[in-house]
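K.L.:
upload-v4.txt (compact mmCIF, C-alpha atoms and all ligand atoms) pasted underneath:
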```txt
# COMPACT_ATOMS: atom_id res chain seq x y z
CA MET A 1 387.90 197.63 132.95
CA ASP A 2 385.87 194.41 133.10
CA LEU A 3 382.59 194.41 131.23
CA ASN A 4 381.85 190.72 131.72
CA TYR A 5 379.97 189.11 134.55
CA SER A 6 382.02 186.89 136.84
CA PRO A 7 381.03 183.17 137.12
CA GLU A 8 379.39 183.98 140.49
CA GLU A 9 377.41 186.79 138.93
CA GLU A 10 376.29 184.50 136.10
CA ALA A 11 375.20 181.87 138.63
CA PHE A 12 373.28 184.57 140.50
CA ARG A 13 371.57 185.61 137.26
CA ASP A 14 370.54 182.03 136.51
CA GLY A 15 369.10 181.68 140.01
CA VAL A 16 367.07 184.88 139.70
CA ARG A 17 365.86 183.86 136.25
CA ALA A 18 364.72 180.45 137.48
CA TRP A 19 362.95 181.93 140.49
CA LEU A 20 361.12 184.46 138.33
CA ARG A 21 360.03 181.70 135.95
CA GLU A 22 358.47 179.88 138.90
CA ASN A 23 357.01 182.78 140.81
CA LEU A 24 355.87 185.49 138.42
CA PRO A 25 352.12 184.88 137.98
CA ASP A 26 351.19 184.37 134.32
CA ASP A 27 348.31 186.84 134.42
CA LEU A 28 350.59 189.63 135.67
CA ARG A 29 353.25 188.81 133.09
CA ASP A 30 350.65 188.78 130.31
CA LYS A 31 349.39 192.19 131.32
CA VAL A 32 352.92 193.63 131.33
CA VAL A 33 354.09 192.18 128.03
CA ASN A 34 350.80 193.07 126.33
CA TYR A 35 350.81 196.63 127.63
CA GLN A 36 347.60 196.23 129.63
CA GLU A 37 346.89 198.52 132.56
CA LEU A 38 347.90 197.18 135.98
CA SER A 39 345.49 197.77 138.85
CA LYS A 40 346.52 198.71 142.37
CA ALA A 41 345.79 195.09 143.38
CA ASP A 42 348.14 193.83 140.60
CA LEU A 43 350.95 196.11 141.73
CA LEU A 44 350.50 195.13 145.37
CA ARG A 45 350.34 191.41 144.57
CA TRP A 46 353.76 191.45 142.90
CA HIS A 47 355.18 193.71 145.60
CA GLN A 48 354.05 191.24 148.27
CA ILE A 49 355.41 188.19 146.43
CA LEU A 50 358.84 189.84 146.33
CA ALA A 51 358.56 191.04 149.94
CA LYS A 52 357.86 187.48 151.06
CA LYS A 53 360.97 186.30 149.23
CA GLY A 54 362.99 189.14 150.79
CA TRP A 55 363.75 190.72 147.40
CA VAL A 56 361.49 193.75 147.36
CA ALA A 57 364.08 196.27 148.53
CA PRO A 58 367.52 194.89 147.63
CA ASP A 59 369.24 198.24 148.10
CA TRP A 60 367.98 198.87 151.65
CA PRO A 61 370.26 198.11 154.61
CA ILE A 62 369.95 194.53 155.80
CA GLU A 63 368.46 195.50 159.16
CA TRP A 64 365.46 196.96 157.31
CA GLY A 65 364.99 194.00 154.98
CA GLY A 66 367.55 194.69 152.25
CA THR A 67 369.76 192.03 150.70
CA ASP A 68 373.52 192.06 150.86
CA TRP A 69 373.74 191.97 147.06
CA THR A 70 376.50 193.84 145.33
CA VAL A 71 375.62 196.67 143.03
CA VAL A 72 376.11 194.34 140.05
CA GLN A 73 373.75 191.75 141.52
CA ARG A 74 371.13 194.44 142.08
CA TYR A 75 371.47 195.50 138.47
CA ILE A 76 371.21 191.90 137.25
CA PHE A 77 368.07 191.41 139.34
CA GLU A 78 366.45 194.53 137.90
CA GLU A 79 367.28 193.60 134.33
CA GLU A 80 366.03 190.04 134.79
CA CYS A 81 362.76 191.40 136.19
CA GLY A 82 362.45 193.65 133.13
CA ALA A 83 363.25 190.83 130.73
CA ALA A 84 360.79 188.46 132.43
CA GLY A 85 357.93 190.97 132.23
CA CYS A 86 357.49 191.65 135.95
CA PRO A 87 355.20 194.50 137.01
CA PRO A 88 357.11 197.59 138.10
CA LEU A 89 357.67 198.00 141.80
CA MET A 90 356.06 200.99 143.46
CA SER A 91 359.11 203.20 143.40
CA PHE A 92 357.64 206.17 145.28
CA GLY A 93 357.79 204.31 148.57
CA LEU A 94 360.61 201.85 147.97
CA ARG A 95 363.02 203.90 145.90
CA MET A 96 362.27 207.49 146.84
CA CYS A 97 360.70 207.95 150.26
CA ALA A 98 362.60 205.06 151.88
CA PRO A 99 366.12 206.21 150.89
CA VAL A 100 365.20 209.67 152.16
CA LEU A 101 364.00 208.27 155.50
CA LEU A 102 367.08 206.08 155.78
CA ARG A 103 369.33 209.07 155.20
CA PHE A 104 367.43 211.90 156.92
CA GLY A 105 364.59 210.34 158.98
CA THR A 106 364.41 210.21 162.76
CA PRO A 107 364.43 206.74 164.39
CA GLU A 108 360.68 207.13 165.01
CA GLN A 109 360.00 208.02 161.37
CA LYS A 110 362.00 205.02 160.17
CA GLN A 111 360.20 202.68 162.55
CA ARG A 112 356.82 204.06 161.64
CA PHE A 113 357.11 204.07 157.85
CA LEU A 114 359.80 201.68 156.59
CA PRO A 115 358.20 198.33 157.56
CA ARG A 116 354.88 199.45 156.03
CA ILE A 117 356.62 200.46 152.80
CA TYR A 118 358.47 197.15 152.73
CA HIS A 119 355.30 195.09 153.07
CA GLY A 120 353.30 197.21 150.65
CA GLU A 121 350.91 198.41 153.35
CA ASP A 122 351.22 202.08 152.41
CA PHE A 123 351.07 203.25 148.83
CA TRP A 124 353.07 206.47 148.35
CA CYS A 125 353.05 209.20 145.72
CA GLN A 126 355.39 212.09 144.96
CA GLY A 127 354.25 215.71 145.41
CA TYR A 128 357.03 217.76 143.82
CA SER A 129 355.69 219.37 140.62
CA GLU A 130 353.23 222.25 140.63
CA PRO A 131 351.66 224.22 137.82
CA GLY A 132 354.59 226.37 136.64
CA SER A 133 357.12 224.53 138.81
CA GLY A 134 358.33 221.42 137.03
CA SER A 135 361.83 221.84 135.63
CA ASP A 136 362.08 224.99 137.69
CA LEU A 137 361.14 223.10 140.84
CA ALA A 138 362.64 225.62 143.26
CA SER A 139 359.88 228.09 142.31
CA LEU A 140 357.25 225.93 144.04
CA GLN A 141 354.60 227.79 146.01
CA THR A 142 352.60 225.34 148.11
CA ARG A 143 352.71 226.97 151.55
CA ALA A 144 353.09 225.38 154.94
CA VAL A 145 352.54 227.68 157.91
CA ARG A 146 353.24 226.59 161.47
CA ASP A 147 350.26 226.59 163.83
CA GLY A 148 350.91 224.99 167.23
CA ASP A 149 352.06 221.40 166.71
CA ASP A 150 351.03 221.36 163.05
CA TYR A 151 351.79 222.88 159.69
CA VAL A 152 348.79 224.15 157.74
CA VAL A 153 349.35 223.35 154.08
CA THR A 154 347.69 225.17 151.18
CA GLY A 155 348.41 224.85 147.48
CA GLN A 156 348.39 222.49 144.52
CA LYS A 157 350.53 219.70 143.12
CA ILE A 158 350.22 218.40 139.58
CA TRP A 159 351.13 215.32 137.50
CA THR A 160 351.04 213.30 140.70
CA THR A 161 351.38 209.70 139.52
CA LEU A 162 348.93 207.27 141.12
CA ALA A 163 347.79 209.77 143.77
CA HIS A 164 344.37 208.14 143.39
CA TYR A 165 345.87 204.93 144.82
CA ALA A 166 348.01 206.60 147.46
CA ASP A 167 347.76 206.48 151.24
CA TRP A 168 350.63 208.97 151.70
CA ILE A 169 352.30 211.71 149.70
CA PHE A 170 355.76 213.20 150.26
CA CYS A 171 355.72 216.88 149.43
CA LEU A 172 357.98 219.82 149.00
CA VAL A 173 356.38 222.88 150.58
CA ARG A 174 357.49 226.45 151.18
CA THR A 175 357.90 227.12 154.88
CA ASP A 176 359.68 230.49 154.51
CA PRO A 177 358.84 232.64 151.48
CA ASN A 178 361.24 235.41 152.51
CA ARG A 179 364.61 233.72 151.99
CA PRO A 180 366.90 235.39 149.43
CA LYS A 181 367.47 232.13 147.52
CA ARG A 182 364.43 230.20 146.29
CA GLN A 183 366.04 226.86 147.19
CA GLU A 184 366.05 227.96 150.81
CA GLY A 185 362.80 228.07 152.77
CA ILE A 186 361.54 224.72 151.41
CA SER A 187 360.69 221.76 153.67
CA PHE A 188 359.95 218.09 153.04
CA LEU A 189 356.69 216.82 154.56
CA LEU A 190 355.01 213.43 154.75
CA ILE A 191 351.25 213.90 154.41
CA ASP A 192 348.48 211.38 155.04
CA MET A 193 346.24 211.41 151.96
CA ARG A 194 343.19 210.89 154.20
CA SER A 195 343.76 214.26 155.92
CA PRO A 196 340.76 216.60 155.71
CA GLY A 197 341.29 219.27 153.01
CA ILE A 198 343.04 217.05 150.41
CA SER A 199 341.30 216.44 147.11
CA VAL A 200 342.57 214.47 144.12
CA ARG A 201 341.38 215.17 140.59
CA PRO A 202 342.31 212.98 137.62
CA ILE A 203 344.19 214.14 134.53
CA THR A 204 343.46 212.00 131.48
CA LEU A 205 346.58 211.54 129.35
CA MET A 206 346.47 211.49 125.56
CA ASP A 207 346.34 207.68 125.51
CA GLY A 208 343.06 207.90 127.43
CA GLY A 209 344.59 206.46 130.61
CA HIS A 210 344.38 207.76 134.16
CA GLU A 211 347.74 207.61 135.86
CA VAL A 212 348.37 211.21 136.89
CA ASN A 213 346.41 213.66 138.99
CA MET A 214 346.12 217.11 140.43
CA VAL A 215 346.26 217.17 144.24
CA PHE A 216 344.81 220.15 146.10
CA PHE A 217 345.62 221.10 149.68
CA ASP A 218 343.11 223.31 151.41
CA ASP A 219 344.23 224.12 154.97
CA VAL A 220 345.53 220.60 155.52
CA ARG A 221 346.92 220.05 159.01
CA VAL A 222 350.17 218.09 159.08
CA PRO A 223 351.87 217.28 162.42
CA LEU A 224 355.35 218.81 162.80
CA GLU A 225 356.68 215.31 163.46
CA ASN A 226 355.95 214.50 159.78
CA ARG A 227 358.68 216.85 158.57
CA VAL A 228 361.80 215.03 157.40
CA HIS A 229 365.12 216.80 158.07
CA GLU A 230 365.38 220.40 159.15
CA GLU A 231 362.81 223.06 158.48
CA ASN A 232 363.74 225.15 155.41
CA ASP A 233 366.43 222.69 154.29
CA GLY A 234 364.11 220.42 152.29
CA TRP A 235 366.03 221.20 149.09
CA THR A 236 368.87 219.03 150.33
CA VAL A 237 366.38 216.17 150.72
CA ALA A 238 364.76 216.93 147.34
CA LYS A 239 368.07 216.71 145.46
CA TYR A 240 369.06 213.50 147.23
CA LEU A 241 365.77 211.92 146.21
CA LEU A 242 366.06 213.01 142.57
CA GLY A 243 369.33 211.08 142.22
CA TYR A 244 367.45 207.93 143.23
CA GLU A 245 364.56 208.73 140.89
CA ARG A 246 366.86 208.84 137.86
CA MET A 247 368.56 205.56 138.60
CA GLY A 248 366.62 202.76 136.98
CA THR A 249 365.06 204.81 134.19
CA GLY A 250 367.21 202.96 131.60
CA ARG A 251 364.99 199.82 131.66
CA ILE A 252 367.48 197.85 129.58
CA GLY A 253 366.02 194.40 130.32
CA ALA A 254 362.50 195.49 129.39
CA SER A 255 363.74 197.15 126.19
CA LYS A 256 365.56 193.95 125.18
CA ARG A 257 362.35 191.96 125.67
CA GLU A 258 360.36 194.49 123.66
CA LEU A 259 362.94 194.54 120.88
CA ALA A 260 362.71 190.75 120.58
CA ARG A 261 358.91 191.06 120.36
CA LEU A 262 359.29 193.77 117.71
CA LYS A 263 361.45 191.48 115.59
CA GLU A 264 358.91 188.66 115.95
CA LEU A 265 356.12 190.97 114.90
CA ALA A 266 358.13 192.30 111.93
CA ALA A 267 359.00 188.75 110.83
CA LYS A 268 355.29 187.86 110.80
CA THR A 269 354.24 191.01 108.95
CA ILE A 270 354.12 190.22 105.24
CA LYS A 271 354.12 193.01 102.70
CA ASP A 272 354.26 192.36 98.94
CA GLY A 273 355.08 188.72 99.68
CA LYS A 274 358.07 189.59 101.90
CA SER A 275 358.39 189.85 105.65
CA LEU A 276 358.98 193.32 106.99
CA LEU A 277 362.17 192.06 108.56
CA ASP A 278 363.48 191.40 105.05
CA ASP A 279 362.91 195.00 104.06
CA PRO A 280 366.44 196.47 104.24
CA ARG A 281 365.23 199.95 105.17
CA PHE A 282 363.05 198.70 107.99
CA ARG A 283 365.75 196.30 109.16
CA ASP A 284 368.22 199.17 109.26
CA ARG A 285 365.91 201.06 111.60
CA ILE A 286 365.60 198.10 113.94
CA THR A 287 369.36 197.54 113.83
CA ARG A 288 369.99 201.14 114.74
CA VAL A 289 367.90 200.77 117.90
CA GLU A 290 369.55 197.47 118.72
CA VAL A 291 373.00 199.03 118.43
CA GLU A 292 371.92 201.94 120.64
CA LEU A 293 370.59 199.48 123.19
CA MET A 294 373.84 197.50 123.18
CA ALA A 295 375.79 200.73 123.60
CA LEU A 296 373.55 201.70 126.51
CA GLU A 297 374.08 198.33 128.13
CA ILE A 298 377.85 198.62 127.77
CA THR A 299 377.78 202.15 129.15
CA ASN A 300 375.77 200.89 132.07
CA LEU A 301 378.25 198.08 132.64
CA ARG A 302 381.06 200.62 132.60
CA TYR A 303 379.32 202.57 135.38
CA LEU A 304 378.77 199.36 137.29
CA ASP A 305 382.45 198.60 137.03
CA GLN A 306 383.15 202.04 138.51
CA LEU A 307 380.71 201.34 141.30
CA ARG A 308 382.38 197.99 141.95
CA GLY A 309 385.54 200.01 142.46
CA GLY A 310 383.77 202.29 144.94
CA ARG A 311 383.30 205.31 142.66
CA ALA A 312 379.73 206.61 142.55
CA PRO A 313 378.54 207.71 139.11
CA GLY A 314 377.34 211.29 139.31
CA ALA A 315 375.83 213.21 136.45
CA GLU A 316 376.31 210.19 134.16
CA VAL A 317 373.03 208.80 135.49
CA SER A 318 371.45 211.49 133.29
CA LEU A 319 372.95 209.85 130.22
CA LEU A 320 371.29 206.54 131.05
CA LYS A 321 367.97 208.34 131.46
CA ILE A 322 368.25 210.13 128.11
CA LYS A 323 369.34 207.12 126.09
CA GLY A 324 367.11 204.62 127.88
CA THR A 325 363.97 206.67 127.32
CA GLU A 326 364.83 207.51 123.70
CA ILE A 327 365.22 203.80 123.01
CA GLN A 328 361.90 202.99 124.69
CA GLN A 329 360.21 205.58 122.50
CA ALA A 330 361.94 204.34 119.34
CA ILE A 331 360.79 200.78 120.01
CA SER A 332 357.20 201.88 120.60
CA GLU A 333 357.28 203.83 117.33
CA LEU A 334 358.66 200.89 115.33
CA MET A 335 356.12 198.54 116.90
CA MET A 336 353.33 200.80 115.80
CA GLN A 337 354.72 201.09 112.28
CA THR A 338 355.07 197.32 112.08
CA ALA A 339 351.45 196.74 113.05
CA GLY A 340 350.32 199.44 110.61
CA PRO A 341 346.52 199.80 110.56
CA LEU A 342 346.18 197.17 113.30
CA ALA A 343 347.86 199.52 115.76
CA GLN A 344 344.60 201.25 116.40
CA LEU A 345 342.69 202.36 119.40
CA PHE A 346 339.29 200.98 118.54
CA ARG A 347 337.86 197.59 117.71
CA PRO A 348 337.10 197.68 113.97
CA VAL A 349 333.44 197.81 112.98
CA ASP A 350 334.08 195.34 110.15
CA PRO A 351 334.18 191.83 111.72
CA GLU A 352 336.33 190.64 108.80
CA VAL A 353 339.20 192.85 109.94
CA ASP A 354 341.62 191.10 112.32
CA PHE A 355 341.64 192.33 115.90
CA ASP A 356 344.47 191.54 118.20
CA ASN A 357 344.68 192.90 121.74
CA PHE A 358 348.43 193.30 121.52
CA THR A 359 348.59 195.28 118.28
CA ALA A 360 345.57 197.31 119.42
CA SER A 361 347.53 198.34 122.50
CA LEU A 362 350.38 199.79 120.43
CA ALA A 363 348.93 203.20 119.59
CA PRO A 364 348.01 204.01 123.21
CA ARG A 365 351.41 202.66 124.22
CA TYR A 366 353.16 204.90 121.70
CA LEU A 367 351.24 207.92 122.99
CA ASN A 368 351.88 206.96 126.61
CA MET A 369 355.63 206.60 126.04
CA ARG A 370 355.90 210.32 125.18
CA LYS A 371 355.97 210.83 128.94
CA THR A 372 359.30 209.12 129.43
CA THR A 373 361.35 212.00 128.08
CA ILE A 374 359.45 214.40 130.36
CA TYR A 375 359.14 212.73 133.75
CA ALA A 376 361.95 212.25 136.28
CA GLY A 377 363.42 215.53 134.97
CA SER A 378 362.95 216.16 131.22
CA ASN A 379 365.69 215.02 128.86
CA GLU A 380 366.56 218.64 128.07
CA ILE A 381 367.22 219.20 131.76
CA GLN A 382 369.31 216.01 131.85
CA ARG A 383 371.39 217.41 128.97
CA ASN A 384 371.89 220.62 130.93
CA ILE A 385 373.08 218.56 133.90
CA ILE A 386 375.59 216.67 131.74
CA ALA A 387 376.77 219.92 130.15
CA LYS A 388 377.39 221.53 133.52
CA ALA A 389 378.66 218.63 135.58
CA THR A 390 380.52 216.51 133.04
CA LEU A 391 381.53 218.80 130.21
CA GLY A 392 381.99 221.86 132.42
CA LEU A 393 379.98 224.16 130.14
C1 LIG A 401 353.47 211.01 133.08
C2 LIG A 401 354.10 211.95 134.05
C3 LIG A 401 354.19 211.59 135.38
C4 LIG A 401 354.70 212.47 136.32
N1 LIG A 401 354.71 212.11 137.64
C5 LIG A 401 355.08 213.01 138.57
C6 LIG A 401 354.94 212.71 139.96
O1 LIG A 401 354.50 211.63 140.35
N2 LIG A 401 355.28 213.66 140.86
C7 LIG A 401 355.77 214.88 140.49
O2 LIG A 401 356.08 215.66 141.36
N3 LIG A 401 355.91 215.20 139.17
C8 LIG A 401 355.56 214.29 138.22
N4 LIG A 401 355.67 214.60 136.89
C9 LIG A 401 356.07 215.96 136.52
C10 LIG A 401 357.42 216.04 135.85
O3 LIG A 401 358.44 215.94 136.77
C11 LIG A 401 357.43 217.40 135.11
O4 LIG A 401 356.46 217.31 134.07
C12 LIG A 401 358.78 217.70 134.51
O5 LIG A 401 359.70 217.98 135.52
C13 LIG A 401 358.72 218.89 133.54
O6 LIG A 401 358.11 219.99 134.15
P1 LIG A 401 356.90 220.77 133.46
O7 LIG A 401 355.87 219.77 133.05
O8 LIG A 401 356.48 221.86 134.37
O9 LIG A 401 357.49 221.37 132.12
P2 LIG A 401 358.39 222.67 132.00
O10 LIG A 401 359.40 222.69 133.09
O11 LIG A 401 357.52 223.84 131.85
O12 LIG A 401 359.16 222.39 130.66
C14 LIG A 401 358.53 222.55 129.38
C15 LIG A 401 359.57 222.24 128.30
O13 LIG A 401 360.67 223.18 128.40
C16 LIG A 401 361.91 222.48 128.55
N5 LIG A 401 362.76 223.21 129.49
C17 LIG A 401 362.39 223.73 130.70
N6 LIG A 401 363.46 224.32 131.28
C18 LIG A 401 364.51 224.17 130.44
C19 LIG A 401 365.89 224.55 130.50
N7 LIG A 401 366.39 225.21 131.55
N8 LIG A 401 366.69 224.21 129.46
C20 LIG A 401 366.20 223.51 128.37
N9 LIG A 401 364.89 223.14 128.27
C21 LIG A 401 364.06 223.45 129.29
C22 LIG A 401 361.53 221.13 129.16
O14 LIG A 401 362.48 220.15 128.86
C23 LIG A 401 360.20 220.86 128.45
O15 LIG A 401 360.44 220.32 127.18
C24 LIG A 401 355.18 213.73 135.91
C25 LIG A 401 355.12 214.08 134.56
C26 LIG A 401 354.59 213.22 133.64
C27 LIG A 401 354.52 213.63 132.20
```
Would you write out, as structure tokens, the structure that this file holds?

P.N.:
Amino acid sequence: MDLNYSPEEEAFRDGVRAWLRENLPDDLRDKVVNYQELSKADLLRWHQILAKKGWVAPDWPIEWGGTDWTVVQRYIFEEECGAAGCPPLMSFGLRMCAPVLLRFGTPEQKQRFLPRIYHGEDFWCQGYSEPGSGSDLASLQTRAVRDGDDYVVTGQKIWTTLAHYADWIFCLVRTDPNRPKRQEGISFLLIDMRSPGISVRPITLMDGGHEVNMVFFDDVRVPLENRVHEENDGWTVAKYLLGYERMGTGRIGASKRELARLKELAAKTIKDGKSLLDDPRFRDRITRVEVELMALEITNLRYLDQLRGGRAPGAEVSLLKIKGTEIQQAISELMMQTAGPLAQLFRPVDPEVDFDNFTASLAPRYLNMRKTTIYAGSNEIQRNIIAKATLGL
């Protein structure tokens, strides 16, 4: 097993790093590294810069704009983007809907949607979860009934990230409620968010931010041609997409950058005449996270080596999700503890008290990061997957 990058891979990494240094706009980087909210315009701007360079969808086939990078190069690119503080790419279109269309879409569907996703012309969101159907996704109840050349869709989705920005939503709907198995009778539809009968209502998360929504469908007409794959076999599509969703949840590059910032902050935090970094108990806690992060990186490199050899990692992707998100949460917790009373939500009334936008962002950040062990399949569900598929329990 080879856990080192080859000289070619190192040269590739240096090239990516240099390009990012030149092309990542400072204002976007500042927002990312200081945990400020990114607007739709911010997300689209970065998307379009990468699209122009030809790097927005490295894992797509070349004929649709992908690169011919190896799996290791794709990983290096992602980690360099995380380390540099690039805004996230809009994964719902690029990393979820597109792979589904490439695998299951008709030629017309590919032609209609893929170029628009590539160029950031359509913003997509994911309509899987419903009230009562999250982990138990197969229990979903949103109905789609055929009527002439359309389906008529009625029901509700929930936790729909950035639905308030979206032009399109891909949805799992129940087209046959009478099948013996719940996984059967589900179909995968692409729905224009401007269709009459759709309404989006915000959900405010505990950090005060608006990133998720409820989406209601009230007799929404969706042309039959917007169904991907066969009617009642949408579960096959759903599972395929979930595999893609869980890749890339490790965020190793971003965690490394945040860990470095944590150390800087701890070194500058003086308590009883000593820096927090010199406090052996606090240092132990940082070291623990650093060791976990190194172990995650090595695990990831092991999987990459398997992929180099043509073996796809299966349920192990779940391990990267669990560890990656636990590390992200641990860093956000340590950051908040380092900043102490400065990690607060509100500007202090007393003008003598220091106020720093970065430290003030840490409490909302900490609260926001609770989501990472829930979304993309909760970490408990990931453990179940590992138990079943890897340990055979
Ligand atoms: C910030 C955020 C963004 C999201 N974005 C989207 C989105 O864009 N689109 C979308 O479709 N969904 C989205 N989701 C929904 C997400 O996929 C679900 O929240 C998740 O699947 C959990 O489902 P649930 O909320 O219904 O919780 P439940 O399934 O009710 O689970 C509640 C608790 O029980 C545990 N649990 C459930 N079943 C088991 C089991 N069998 N074994 C052990 N423990 C179990 C869970 O781990 C969890 O801790 C988002 C969620 C969040 C928090």

K.L.:
Find the distance between atom CA of Ala144 of chain A and atom CA of Leu162 of chain A and write it in Å to one decimal.

P.N.:
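Atom CA of Leu162 of chain A lies 23.2 Å from atom CA of Ala144 of chain A.
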
K.L.:
Can you tell me, as a PyMOL selection string, what residues are no more than 7 Å from segment 90-104 of chain A when counting all atoms listed in the file, ignoring any on the same chain fewer than 6 positions away?

P.N.:
chain A and resi 57+110+114+117+123-126+228-229+237+241+244-245

K.L.:
Generate the output file for the selected residues, C-alpha atoms, as an mmCIF file, in the coordinates of the input.

P.N.:
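The file below, again-v6.cif, is the result:
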```cif
data_model
loop_
_atom_site.group_PDB
_atom_site.id
_atom_site.type_symbol
_atom_site.label_atom_id
_atom_site.label_comp_id
_atom_site.auth_asym_id
_atom_site.auth_seq_id
_atom_site.Cartn_x
_atom_site.Cartn_y
_atom_site.Cartn_z
ATOM 1 C CA ALA A 57 364.080 196.270 148.530
ATOM 2 C CA LYS A 110 362.000 205.020 160.170
ATOM 3 C CA LEU A 114 359.800 201.680 156.590
ATOM 4 C CA ILE A 117 356.620 200.460 152.800
ATOM 5 C CA PHE A 123 351.070 203.250 148.830
ATOM 6 C CA TRP A 124 353.070 206.470 148.350
ATOM 7 C CA CYS A 125 353.050 209.200 145.720
ATOM 8 C CA GLN A 126 355.390 212.090 144.960
ATOM 9 C CA VAL A 228 361.800 215.030 157.400
ATOM 10 C CA HIS A 229 365.120 216.800 158.070
ATOM 11 C CA VAL A 237 366.380 216.170 150.720
ATOM 12 C CA LEU A 241 365.770 211.920 146.210
ATOM 13 C CA TYR A 244 367.450 207.930 143.230
ATOM 14 C CA GLU A 245 364.560 208.730 140.890
#
```

K.L.:
Distance atom CA of Val153 of chain A-atom CA of Tyr128 of chain A, one decimal place?

P.N.:
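Taking atom CA of Val153 of chain A and atom CA of Tyr128 of chain A, their separation equals 14.0 Å.
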
K.L.:
Mind listing the residues within 6 Å of ligand LIG 401 (chain A), only C-alpha atoms and all ligand atoms counted, as a list in words?

P.N.:
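The residues within 6 Å of ligand LIG 401 (chain A), counting only C-alpha atoms and all ligand atoms, are Gln126, Gly127, Tyr128, Ser129, Gly132, Ser133, Gly134, Ser135, Asp136, Trp159, Thr160, Thr161, Lys371, Ile374, Tyr375, Ala376, Gly377, Ser378, Glu380 and Ile381 of chain A.
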
K.L.:
Identify which of the residues A:Val212, A:Ile76, A:Ile191, A:Leu242 lies closest to Glu225 of chain A, counting all atoms listed in the file when measuring atom-to-atom distances.

P.N.:
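Nearest candidate to Glu225 of chain A out of A:Val212, A:Ile76, A:Ile191, A:Leu242: A:Ile191.
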
K.L.:
Compile the contact shell of segment 285-293 of chain A as a list in words: residues with an atom at most 10 Å away, counting only C-alpha atoms, same-chain residues fewer than 5 positions apart removed.

P.N.:
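With the cut-off at 10 Å, the set is Gly250, Ile252, Gly253, Ser255, Lys256, Leu259, Ala260, Leu262, Lys263, Ala266, Leu277, Pro280, Ile298, Thr299, Lys323, Gly324, Glu326, Ile327, Gln328, Ala330, Ile331, Leu334 and Met335 of chain A.
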
K.L.:
Here is a test: counting only C-alpha atoms, which residue of A:Lys181, A:Arg365, A:Arg112, A:Arg29 is nearest to Asp42 of chain A?

P.N.:
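Distance minimum relative to Asp42 of chain A lands on A:Arg29.
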
K.L.:
Which residues, written as a ChimeraX atom specification, have at least one atom at most 10 Å from Asp150 of chain A, with only C-alpha atoms counted and residues fewer than 3 positions away on the same chain left out?

P.N.:
/A:144-147,153,220-227

K.L.:
Between A:Ala254, A:Val200, A:Leu304, A:Ala315, single out the one closest to Tyr35 of chain A, counting only C-alpha atoms.

P.N.:
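Among the listed residues, A:Ala254 lies closest to Tyr35 of chain A.
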
K.L.:
Please provide the set of residues having any atom within 12 Å of Asp207 of chain A, restricted to all atoms listed in the file, with same-chain residues fewer than 3 positions apart removed, written as a list in words.

P.N.:
Glu37, Ile203, Thr204, His210, Glu211, Gln344, Leu345, Phe346, Ser361, Leu362, Ala363, Pro364, Arg365, Tyr366, Leu367, Asn368, Met369, Arg370 and Lys371 of chain A

K.L.:
Provide the atom CA of Glu184 of chain A to atom CA of Asn232 of chain A distance in Å, to one decimal place.

P.N.:
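The value is 5.9 Å.
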
K.L.:
Out of A:Glu316, A:Glu8, A:Asp356, A:Asp27, which residue has the shortest atom-to-atom distance to Asn384 of chain A when counting only C-alpha atoms?

P.N.:
A:Glu316
